[in-house]
Each structure stands twice: as structure tokens, then as C-alpha cells.
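Undergrad: Provided below: input-v1.txt, containing compact mmCIF, C-alpha atoms.
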```txt
# COMPACT_ATOMS: atom_id res chain seq x y z
CA MET S 195 115.17 -71.72 -135.00
CA SER S 196 113.72 -73.82 -136.45
CA SER S 197 113.34 -74.75 -139.48
CA GLY S 198 111.98 -75.39 -142.91
CA GLY S 199 112.30 -76.39 -146.47
CA PRO S 200 111.28 -74.07 -149.19
CA PRO S 201 107.57 -73.67 -149.29
CA PRO S 202 106.27 -76.91 -150.63
CA GLY S 203 104.34 -76.49 -153.77
CA VAL S 204 104.73 -75.05 -157.15
CA ASP S 205 107.59 -74.01 -159.40
CA ILE S 206 107.01 -70.30 -159.86
CA SER S 207 110.34 -69.36 -161.40
CA SER S 208 108.66 -68.22 -164.57
CA GLY S 209 107.18 -65.27 -162.76
CA GLY S 210 103.80 -66.37 -161.60
CA GLY S 211 100.44 -67.42 -162.88
CA PRO S 212 99.19 -70.94 -163.43
CA PRO S 213 101.56 -73.66 -164.57
CA PRO S 214 102.20 -74.01 -168.30
CA GLY S 215 99.44 -75.65 -170.26
CA VAL S 216 96.72 -74.84 -167.74
CA ASP S 217 93.85 -72.79 -169.01
CA THR S 218 92.53 -70.42 -166.34
CA SER S 219 90.61 -68.13 -168.65
CA SER S 220 87.34 -69.41 -167.27
CA GLY S 221 88.27 -68.10 -163.84
CA GLY S 222 89.54 -71.29 -162.28
CA GLY S 223 92.90 -72.82 -161.51
CA PRO S 224 94.28 -76.04 -162.90
CA PRO S 225 91.93 -79.00 -163.25
CA PRO S 226 90.82 -80.30 -159.86
CA GLY S 227 92.73 -83.20 -158.39
CA VAL S 228 95.91 -82.74 -160.41
CA ARG S 229 99.43 -81.93 -159.30
CA THR S 230 101.19 -79.27 -161.34
CA GLY S 231 104.74 -77.96 -161.47
CA ARG S 232 106.82 -79.48 -158.70
CA GLY S 233 104.26 -80.40 -156.06
CA GLY S 234 101.50 -77.92 -156.82
CA TYR S 235 98.09 -79.34 -156.12
CA VAL S 236 94.45 -78.52 -156.66
CA ASP S 237 91.97 -80.14 -154.31
CA PRO S 238 89.11 -81.73 -156.30
CA ASN S 239 86.81 -80.89 -153.39
CA TRP S 240 88.02 -77.30 -153.19
CA PRO S 241 87.97 -75.44 -156.53
CA PHE S 242 90.37 -72.57 -157.08
CA PRO S 243 88.66 -69.47 -155.55
CA GLY S 244 90.51 -66.94 -157.73
CA GLY S 245 91.01 -64.27 -155.06
CA PRO S 246 93.71 -61.56 -155.29
CA ASN S 247 95.84 -63.29 -152.64
CA ASP S 248 95.31 -66.81 -153.97
CA ALA S 249 97.96 -68.93 -155.68
CA PRO S 250 96.78 -70.90 -158.73
CA VAL S 251 97.59 -74.11 -156.86
CA ILE S 252 97.84 -75.18 -153.20
CA ILE S 253 101.48 -74.40 -152.39
CA TYR S 254 101.65 -76.99 -149.59
CA GLY S 255 101.33 -79.76 -152.20
CA TYR S 256 98.29 -81.02 -150.27
CA THR S 257 95.29 -79.61 -148.43
CA PRO S 258 96.39 -79.17 -144.79
CA SER S 259 94.57 -81.20 -142.17
CA PHE S 260 92.31 -78.98 -140.07
CA ALA S 261 92.25 -81.60 -137.29
CA LEU S 262 96.05 -81.58 -137.00
CA ALA S 263 96.27 -77.78 -137.10
CA LEU S 264 93.49 -77.38 -134.51
CA LEU S 265 95.02 -80.01 -132.21
CA ALA S 266 98.39 -78.24 -132.42
CA THR S 267 96.80 -74.86 -131.69
CA ILE S 268 94.99 -76.19 -128.61
CA LEU S 269 98.04 -78.05 -127.27
CA PHE S 270 100.41 -75.12 -127.71
CA CYS S 271 97.92 -72.76 -126.08
CA VAL S 272 97.74 -75.07 -123.06
CA TYR S 273 101.53 -75.41 -123.01
CA PHE S 274 101.97 -71.65 -123.22
CA ILE S 275 99.64 -71.02 -120.26
CA VAL S 276 101.39 -73.68 -118.17
CA HIS S 277 104.90 -72.45 -119.02
CA LEU S 278 103.94 -68.81 -118.44
CA PHE S 279 102.57 -69.73 -115.00
CA GLN S 280 105.75 -71.68 -114.19
CA LEU S 281 107.94 -68.84 -115.43
CA THR S 282 106.13 -66.46 -113.09
CA ARG S 283 106.23 -68.89 -110.18
CA TYR S 284 109.86 -69.99 -110.40
CA ARG S 285 111.21 -66.71 -111.86
CA ALA S 286 113.61 -68.62 -114.12
CA ILE S 287 114.12 -65.72 -116.52
CA TYR S 288 116.78 -67.63 -118.46
CA PHE S 289 114.00 -69.96 -119.65
CA SER S 290 111.67 -67.18 -120.84
CA THR S 291 112.50 -67.72 -124.52
CA PHE S 292 110.54 -70.96 -124.31
CA CYS S 293 107.32 -68.95 -123.93
CA ILE S 294 108.24 -66.84 -126.95
CA GLY S 295 108.71 -70.00 -129.00
CA LEU S 296 105.30 -71.27 -127.90
CA LEU S 297 103.67 -67.99 -128.96
CA PHE S 298 105.22 -68.41 -132.39
CA GLU S 299 103.85 -71.96 -132.58
CA ILE S 300 100.36 -70.73 -131.70
CA VAL S 301 100.35 -68.00 -134.36
CA GLY S 302 101.71 -70.43 -136.95
CA TYR S 303 99.12 -73.11 -136.31
CA VAL S 304 96.25 -70.61 -136.16
CA ALA S 305 97.27 -69.52 -139.66
CA ARG S 306 97.46 -73.17 -140.69
CA CYS S 307 93.93 -73.67 -139.35
CA LEU S 308 92.79 -70.83 -141.61
CA SER S 309 94.54 -72.46 -144.56
CA ALA S 310 92.85 -75.77 -143.85
CA LYS S 311 89.35 -74.45 -143.09
CA VAL S 312 88.97 -71.14 -144.96
CA ASN S 313 91.17 -71.24 -148.05
CA PRO S 314 94.23 -73.46 -148.70
CA TYR S 315 95.14 -71.42 -151.80
CA ASN S 316 95.56 -68.19 -149.81
CA LEU S 317 99.17 -66.97 -149.82
CA ILE S 318 98.83 -64.84 -146.67
CA TYR S 319 97.76 -67.81 -144.55
CA PHE S 320 100.54 -69.93 -146.01
CA ILE S 321 103.24 -67.31 -145.43
CA LEU S 322 102.16 -66.69 -141.82
CA GLN S 323 102.07 -70.36 -140.85
CA TYR S 324 105.34 -71.04 -142.63
CA PHE S 325 107.22 -68.14 -141.05
CA PHE S 326 106.10 -68.73 -137.45
CA ILE S 327 106.30 -72.54 -137.42
CA VAL S 328 109.74 -72.45 -139.06
CA THR S 329 111.24 -69.97 -136.56
CA ALA S 330 109.52 -71.04 -133.31
CA PRO S 331 111.96 -73.84 -132.35
CA VAL S 332 114.90 -71.42 -132.44
CA PHE S 333 113.48 -69.79 -129.30
CA LEU S 334 112.81 -73.20 -127.75
CA ALA S 335 116.45 -74.16 -128.39
CA ALA S 336 117.61 -70.94 -126.69
CA GLY S 337 115.90 -72.03 -123.48
CA ILE S 338 117.51 -75.46 -123.72
CA TYR S 339 120.96 -73.92 -124.16
CA ALA S 340 120.51 -71.89 -120.97
CA ILE S 341 119.65 -75.01 -118.96
CA LEU S 342 123.12 -76.48 -119.46
CA SER S 343 124.80 -73.37 -118.05
CA ALA S 344 122.51 -73.48 -115.02
CA LEU S 345 123.33 -77.16 -114.50
CA ILE S 346 127.08 -76.53 -114.72
CA ASN S 347 126.90 -73.81 -112.09
CA ARG S 348 124.89 -76.02 -109.77
CA LEU S 349 126.74 -79.32 -110.14
CA GLY S 350 130.30 -78.10 -110.66
CA ARG S 351 132.27 -76.33 -113.36
CA GLN S 352 135.01 -78.94 -113.23
CA TYR S 353 132.78 -81.41 -115.07
CA SER S 354 132.32 -79.20 -118.12
CA LEU S 355 134.69 -78.93 -121.07
CA LEU S 356 134.05 -75.17 -121.18
CA PRO S 357 133.09 -72.55 -118.58
CA PRO S 358 129.32 -71.97 -118.30
CA LYS S 359 129.61 -68.34 -119.44
CA VAL S 360 131.49 -69.37 -122.58
CA ILE S 361 128.87 -72.03 -123.34
CA LEU S 362 126.00 -69.63 -122.68
CA TRP S 363 127.34 -66.78 -124.81
CA PHE S 364 128.52 -68.99 -127.65
CA PHE S 365 125.11 -70.56 -128.02
CA ILE S 366 123.30 -67.26 -127.51
CA VAL S 367 125.31 -65.81 -130.38
CA SER S 368 124.71 -68.97 -132.40
CA ASP S 369 121.00 -68.73 -131.75
CA VAL S 370 120.93 -65.07 -132.77
CA VAL S 371 122.75 -65.89 -136.01
CA ALA S 372 120.42 -68.83 -136.71
CA THR S 373 117.35 -66.76 -135.82
CA ILE S 374 118.24 -63.79 -138.02
CA THR S 375 119.21 -66.01 -140.94
CA GLN S 376 116.12 -68.20 -140.73
CA ILE S 377 113.74 -65.27 -140.21
CA ALA S 378 115.31 -63.49 -143.19
CA GLY S 379 115.09 -66.61 -145.34
CA ALA S 380 111.52 -67.43 -144.33
CA ALA S 381 110.39 -63.82 -144.79
CA LEU S 382 112.03 -63.58 -148.21
CA ILE S 383 110.40 -66.85 -149.26
CA GLY S 384 107.05 -65.33 -148.32
CA VAL S 385 107.81 -62.21 -150.34
CA LYS S 386 108.91 -64.27 -153.35
CA GLN S 387 105.77 -66.39 -153.17
CA LYS S 388 103.58 -63.31 -152.92
CA ARG S 389 105.25 -61.84 -156.02
CA ARG S 390 105.22 -65.19 -157.87
CA GLU S 391 109.02 -65.06 -158.13
CA ASP S 392 111.64 -67.78 -157.92
CA PRO S 393 112.38 -68.37 -154.18
CA THR S 394 115.65 -70.25 -154.70
CA SER S 395 117.92 -67.51 -153.32
CA ALA S 396 115.67 -67.05 -150.26
CA ASN S 397 115.62 -70.81 -149.77
CA ASN S 398 119.42 -70.89 -149.79
CA ILE S 399 119.49 -68.28 -147.00
CA LEU S 400 117.11 -70.40 -144.96
CA LEU S 401 119.19 -73.49 -145.74
CA GLY S 402 122.30 -71.77 -144.40
CA GLY S 403 120.53 -70.82 -141.18
CA LEU S 404 119.27 -74.34 -140.70
CA ALA S 405 122.66 -75.89 -141.42
CA TYR S 406 124.27 -73.64 -138.82
CA GLN S 407 121.58 -74.50 -136.28
CA VAL S 408 122.09 -78.23 -136.88
CA PHE S 409 125.82 -77.71 -136.31
CA ALA S 410 125.23 -75.66 -133.14
CA ILE S 411 122.77 -78.12 -131.60
CA GLY S 412 125.04 -81.03 -132.53
CA LEU S 413 127.95 -79.35 -130.73
CA PHE S 414 125.67 -78.61 -127.79
CA ILE S 415 124.67 -82.28 -127.57
CA ILE S 416 128.34 -83.31 -127.44
CA LEU S 417 129.16 -80.81 -124.67
CA THR S 418 126.05 -81.85 -122.74
CA ALA S 419 126.82 -85.56 -123.06
CA VAL S 420 130.38 -85.07 -121.77
CA PHE S 421 129.14 -83.00 -118.84
CA ILE S 422 126.42 -85.49 -117.90
CA PHE S 423 128.89 -88.39 -118.02
CA ARG S 424 131.46 -86.61 -115.87
CA ALA S 425 128.90 -85.34 -113.36
CA ARG S 426 126.83 -88.56 -113.19
CA ALA S 427 127.54 -89.10 -109.50
CA GLN S 428 126.57 -85.53 -108.59
CA ILE S 429 123.44 -85.76 -110.75
CA LYS S 430 122.32 -88.82 -108.81
CA GLN S 431 123.21 -87.26 -105.46
CA ALA S 432 121.26 -84.08 -106.30
CA GLY S 433 118.18 -86.09 -107.34
CA LEU S 434 118.29 -84.77 -110.89
CA THR S 435 118.27 -88.09 -112.75
CA LEU S 436 114.73 -87.71 -114.07
CA PHE S 437 115.28 -84.07 -114.95
CA ILE S 438 118.43 -84.93 -116.92
CA ALA S 439 116.50 -87.65 -118.78
CA ALA S 440 113.72 -85.17 -119.67
CA PHE S 441 116.22 -82.47 -120.63
CA SER S 442 118.16 -84.89 -122.85
CA ALA S 443 115.01 -86.21 -124.53
CA ALA S 444 113.71 -82.68 -125.23
CA THR S 445 117.08 -81.68 -126.71
CA LEU S 446 117.17 -84.70 -129.01
CA LEU S 447 113.57 -84.12 -130.13
CA ILE S 448 114.28 -80.50 -131.08
CA TYR S 449 117.42 -81.67 -132.87
CA LEU S 450 115.43 -84.30 -134.80
CA ARG S 451 112.98 -81.64 -135.92
CA THR S 452 115.81 -79.34 -137.07
CA VAL S 453 117.53 -82.13 -139.02
CA PHE S 454 114.22 -82.88 -140.75
CA ARG S 455 113.79 -79.25 -141.76
CA LEU S 456 117.36 -79.14 -143.09
CA ALA S 457 116.76 -82.28 -145.17
CA GLU S 458 113.46 -80.88 -146.42
CA THR S 459 115.08 -77.61 -147.46
CA ALA S 460 118.02 -79.32 -149.14
CA GLU S 461 115.62 -81.50 -151.14
CA GLY S 462 114.30 -78.48 -153.01
CA LEU S 463 110.99 -77.22 -154.25
CA GLY S 464 108.15 -79.70 -154.28
CA GLY S 465 110.28 -82.46 -152.81
CA ASN S 466 108.89 -85.60 -151.23
CA LEU S 467 109.41 -84.40 -147.64
CA SER S 468 107.64 -81.08 -148.16
CA THR S 469 104.62 -82.27 -150.13
CA LYS S 470 103.44 -85.07 -147.82
CA GLU S 471 101.78 -83.95 -144.60
CA VAL S 472 102.64 -87.18 -142.84
CA TYR S 473 106.25 -85.98 -142.67
CA PHE S 474 105.18 -82.61 -141.33
CA GLY S 475 103.05 -84.29 -138.68
CA THR S 476 105.62 -86.82 -137.52
CA LEU S 477 108.86 -84.85 -137.90
CA GLU S 478 107.78 -81.23 -137.29
CA PHE S 479 104.67 -81.27 -135.10
CA LEU S 480 105.28 -84.43 -133.04
CA PRO S 481 108.87 -83.81 -131.83
CA VAL S 482 108.02 -80.31 -130.62
CA VAL S 483 104.72 -81.29 -129.05
CA LEU S 484 106.51 -84.05 -127.10
CA ALA S 485 109.53 -81.96 -126.08
CA VAL S 486 107.61 -79.02 -124.57
CA PRO S 487 105.67 -80.89 -121.81
CA LEU S 488 108.84 -82.69 -120.71
CA LEU S 489 110.29 -79.35 -119.63
CA SER S 490 107.03 -78.45 -117.94
CA VAL S 491 106.75 -81.58 -115.80
CA TRP S 492 110.46 -81.24 -115.03
CA HIS S 493 110.69 -77.47 -115.20
CA PRO S 494 114.28 -76.15 -114.89
CA GLY S 495 113.16 -73.36 -112.57
CA ARG S 496 111.95 -75.93 -110.08
CA CYS S 497 114.54 -78.65 -110.63
CA VAL S 498 117.72 -76.62 -111.21
CA GLY S 499 117.05 -73.15 -109.85
CA ARG S 500 115.96 -69.74 -111.00
CA SER S 501 119.40 -68.39 -111.81
CA ILE S 502 122.24 -69.19 -114.19
CA SER S 503 124.86 -66.97 -112.58
CA SER S 504 127.10 -68.50 -109.95
CA GLU S 505 126.58 -65.53 -107.64
CA LYS S 506 123.04 -66.68 -107.01
CA ASP S 507 123.70 -70.41 -106.82
CA ALA S 508 123.53 -70.54 -103.04
CA GLU S 509 120.22 -68.68 -103.00
CA ALA S 510 118.81 -70.99 -105.66
CA MET S 511 119.93 -74.07 -103.71
CA VAL S 512 118.24 -72.80 -100.54
CA GLU S 513 115.01 -72.22 -102.46
CA LEU S 514 115.14 -75.69 -103.97
CA ASP S 515 115.81 -77.32 -100.61
CA SER S 516 112.92 -75.44 -99.01
CA ARG S 517 110.57 -76.81 -101.68
CA GLY S 518 111.60 -80.31 -100.81
```
Go ahead and render the structure in this file as C-alpha cells.

TA:
Amino acid sequence: MSSGGPPPGVDISSGGGPPPGVDTSSGGGPPPGVRTGRGGYVDPNWPFPGGPNDAPVIIYGYTPSFALALLATILFCVYFIVHLFQLTRYRAIYFSTFCIGLLFEIVGYVARCLSAKVNPYNLIYFILQYFFIVTAPVFLAAGIYAILSALINRLGRQYSLLPPKVILWFFIVSDVVATITQIAGAALIGVKQKRREDPTSANNILLGGLAYQVFAIGLFIILTAVFIFRARAQIKQAGLTLFIAAFSAATLLIYLRTVFRLAETAEGLGGNLSTKEVYFGTLEFLPVVLAVPLLSVWHPGRCVGRSISSEKDAEAMVELDSRG
């Protein structure tokens, strides 16, 4: 998972409504072009619409870029189609969570498009994009965890610090814990925002999920690095050098994104990381959008085999050899 700072924007601990000192009796929000609370923002080119689902300020702390959201939507749609085709072709079921993560990315960025183009003050659009973009990488990480177990079974268990089944189940459980915690935190943040309540407790839940995911991926990177070093001769002999490079790069990119989200969450409401879209673009969007095609060009179903379990290793090797 995944995952995210508290919703960037406004301090709503007082229970809702416009920030103190802002007169909204005329039907509008705070004066255009000002930042209110801790990161709240009103676009001077987009007056407060005053709808029932609208916050008095733009919770992002900025007006989201429609170009960025649309580009992300298009790219993730293309990636999803390609990965779904490859999943069907190579029948690498262990990598199916990657497609789920891509679906989450698509839904999240569609909602962000609506925020940017239709109404950036709308809470529903904000909550949807926040929830799905925050949790999507948890499913991407699950696919990455499964790759290591498949590699260990193919190249040799003696090169791994732990048996492949132990690695697989530990990180599956870790991913479930991180997923449930982050989904709960993100969902509660949405509820708190909708009710104009203080989201601090929900943010702390999300922070815990993110911290655990950073720990889990960090441990995974250590185990992977040890395995790759020990099995370097077999990797070269099996012609997997480029795949290992792509796999390693994708893992580090997802890790970078998760560390960013942890730092953003720890910073608190309206912090610098959460209220500047340049950080979202370079540390949330970019790492994921670079990691996904790496594992399409070097798809594990084609490069490693369709199965994790050792019982099917021989069959997977025959299939790989027959494909050249």
C-alpha cells in the first residue's frame, strides 16, 4: 500500500465551516487567492461554488493539474491493458495483484481529473482520489514480493537467507496488515473530512500502516540484495541480468514512493510536502509510472515462469526454454 499523508489542506479540528475570520455569509468561501488554516487554498480563478459536498477551501492546498491527472489516467489505462494481456498470456497468477493496483490507480486519477476539471472544492472527488491513489501501490508491492519467491525457486534455495515459502507468506501477511491499516486510515480520513472533523486519529492509523510498509519493503530489499549477490553467477547463466535490473529498479521506485508518503504523513496537516503538487508529481506519480512498464517489458511470467511453487519449476523451465 501505498501511501499518503493526511489530506493536504485545511485545519478542520474546530468542527467544520470556513476558517476563522472568513465571512461566507454572501455565499462564497474565503477571499480568492488566499491560503487559510494550514494549507487551505481558494483559487482566484475558481470561486467557491458552495455546493453541499464542497469544502470551504481546496483541501489539496492547490488546484490539481488536469494535465497531470489526465496523463496519469491514460498511462495507467494503457499499462492495465498491457499487464492484463500478459497475465492472460503467461498465466503468472502470482503477479495478478499488479493489475488490481493499476485499477486502483485508474480510479484514483479519474477522480483527480474530476477535481481538476469539474470542481476542486468537492469532497467526494478528493476522498476518492486520495483513497485509491494511496492504497494502489500496496497491491503493486504484493506482486513484487511474489517475484522474489519465484526467483528463489528457479535459481536455487541455497542462495536465499530464508525459504521461499517463508518469504512469500511473511510478506503476504505484511501486505495484508499494511493494506487493511492504510485502507482503514484513508477511509476514516475521508469520513472525517466529509463531517468536517479533526482527522488526526485517522491520520495516525494511516501513518502506522505506512511505517510498517516502509519497514517491510526495507526488509524485502535486504533479503533480495543478499539473494542477488549470492546467486549472481546463476543469474548471468540463466540470462536474467536485465530482468534482475528491472526488478530491482521497480522495487526501489515503489520504496521511494512509500518513503515519500510516510514523510508527508508524518509532517502533518497542510505540510510543505502535501500542499505542493510538484512533490506529488515527482515522488508519487513518477516513481509508480516508471516502475510499472519495467515489469511489463521484463514481465516475470515470461522471464521467470508462471509458477512460484517448486513442484511446477520444471514445467515452467520447459515453457521458458521453448519460448527461446

Undergrad: Using all atoms listed in the file, which residue out of S:Val498, S:Leu488, S:Ile252, S:Cys271 lies closest to Tyr315 in chain S?

TA: S:Ile252

Undergrad: I'd like the interatomic distance between CA of Pro314 in chain S and CA of Pro250 in chain S, to a tenth of an Å.

TA: 10.7 Å

Undergrad: Just the residues within 7 Å of range 281-298 of chain S, please, counting all atoms listed in the file, with nothing from its chain fewer than 4 positions along; format it as a ChimeraX atom specification.

TA: /S:270,274,277,302,326-327,330-331,333-334,336-337,340,495-496,500-501

Undergrad: If I take CA of Arg348 in chain S and CA of Val483 in chain S, how far is one from the other in Å, to one decimal?

TA: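 Between these atoms lies a distance of 28.4 Å.
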
Undergrad: Taking only C-alpha atoms into account, name the residue in S:Val367, S:Asn313, S:Thr435, S:Asn397 that is nearest to Gly379 in chain S.

TA: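 Ranking S:Val367, S:Asn313, S:Thr435, S:Asn397 by distance to Gly379 in chain S, first place goes to S:Asn397.
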
Undergrad: Report, in Å to a single decimal, how far apart CA of Cys497 in chain S and CA of Gln280 in chain S are.

TA: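 Computed distance, CA of Gln280 in chain S to CA of Cys497 in chain S, equals 11.8 Å.
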
Undergrad: Just give me the residues with any atom within 12 Å of (99.9, -60.0, -146.4), file coordinates, counting all atoms listed in the file, written as a compact mmCIF listing (two decimals) with C-alpha atoms, in the frame of the given file.

TA:
```txt
# COMPACT_ATOMS: atom_id res chain seq x y z
CA PRO S 246 93.71 -61.56 -155.29
CA ASN S 247 95.84 -63.29 -152.64
CA ASP S 248 95.31 -66.81 -153.97
CA ALA S 305 97.27 -69.52 -139.66
CA ASN S 316 95.56 -68.19 -149.81
CA LEU S 317 99.17 -66.97 -149.82
CA ILE S 318 98.83 -64.84 -146.67
CA TYR S 319 97.76 -67.81 -144.55
CA PHE S 320 100.54 -69.93 -146.01
CA ILE S 321 103.24 -67.31 -145.43
CA LEU S 322 102.16 -66.69 -141.82
CA GLN S 323 102.07 -70.36 -140.85
CA ALA S 381 110.39 -63.82 -144.79
CA GLY S 384 107.05 -65.33 -148.32
CA VAL S 385 107.81 -62.21 -150.34
CA GLN S 387 105.77 -66.39 -153.17
CA LYS S 388 103.58 -63.31 -152.92
CA ARG S 389 105.25 -61.84 -156.02
```

Undergrad: Considering only C-alpha atoms, can you say which of S:Ser442, S:Asn239, S:Ser468, S:Asn347 comes closest to Phe454 in chain S?

TA: S:Ser468

Undergrad: Find the residue from S:Ala335, S:Leu265, S:Leu278, S:Leu400 that sits nearest to Ala378 in chain S; use all atoms listed in the file when measuring.

TA: S:Leu400

Undergrad: Between S:Thr459, S:Thr476, S:Thr445, S:Thr373, which is the closest to Leu401 in chain S once you count all atoms listed in the file?

TA: S:Thr459

Undergrad: Need the shell around range 407-422 of chain S: protein/DNA/RNA residues with any atom at most 6 Å away, counting all atoms listed in the file. Skip same-chain ones fewer than 6 positions apart. Format as a PyMOL selection string?

TA: chain S and resi 353-354+372

Undergrad: Using all atoms listed in the file, pick whichever of S:Ile346, S:Arg424, S:Phe479, S:Leu362 has the shortest atom-to-atom distance to Leu264 in chain S.

TA: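 When distances to Leu264 in chain S are compared using all atoms listed in the file, the smallest one comes from S:Phe479.
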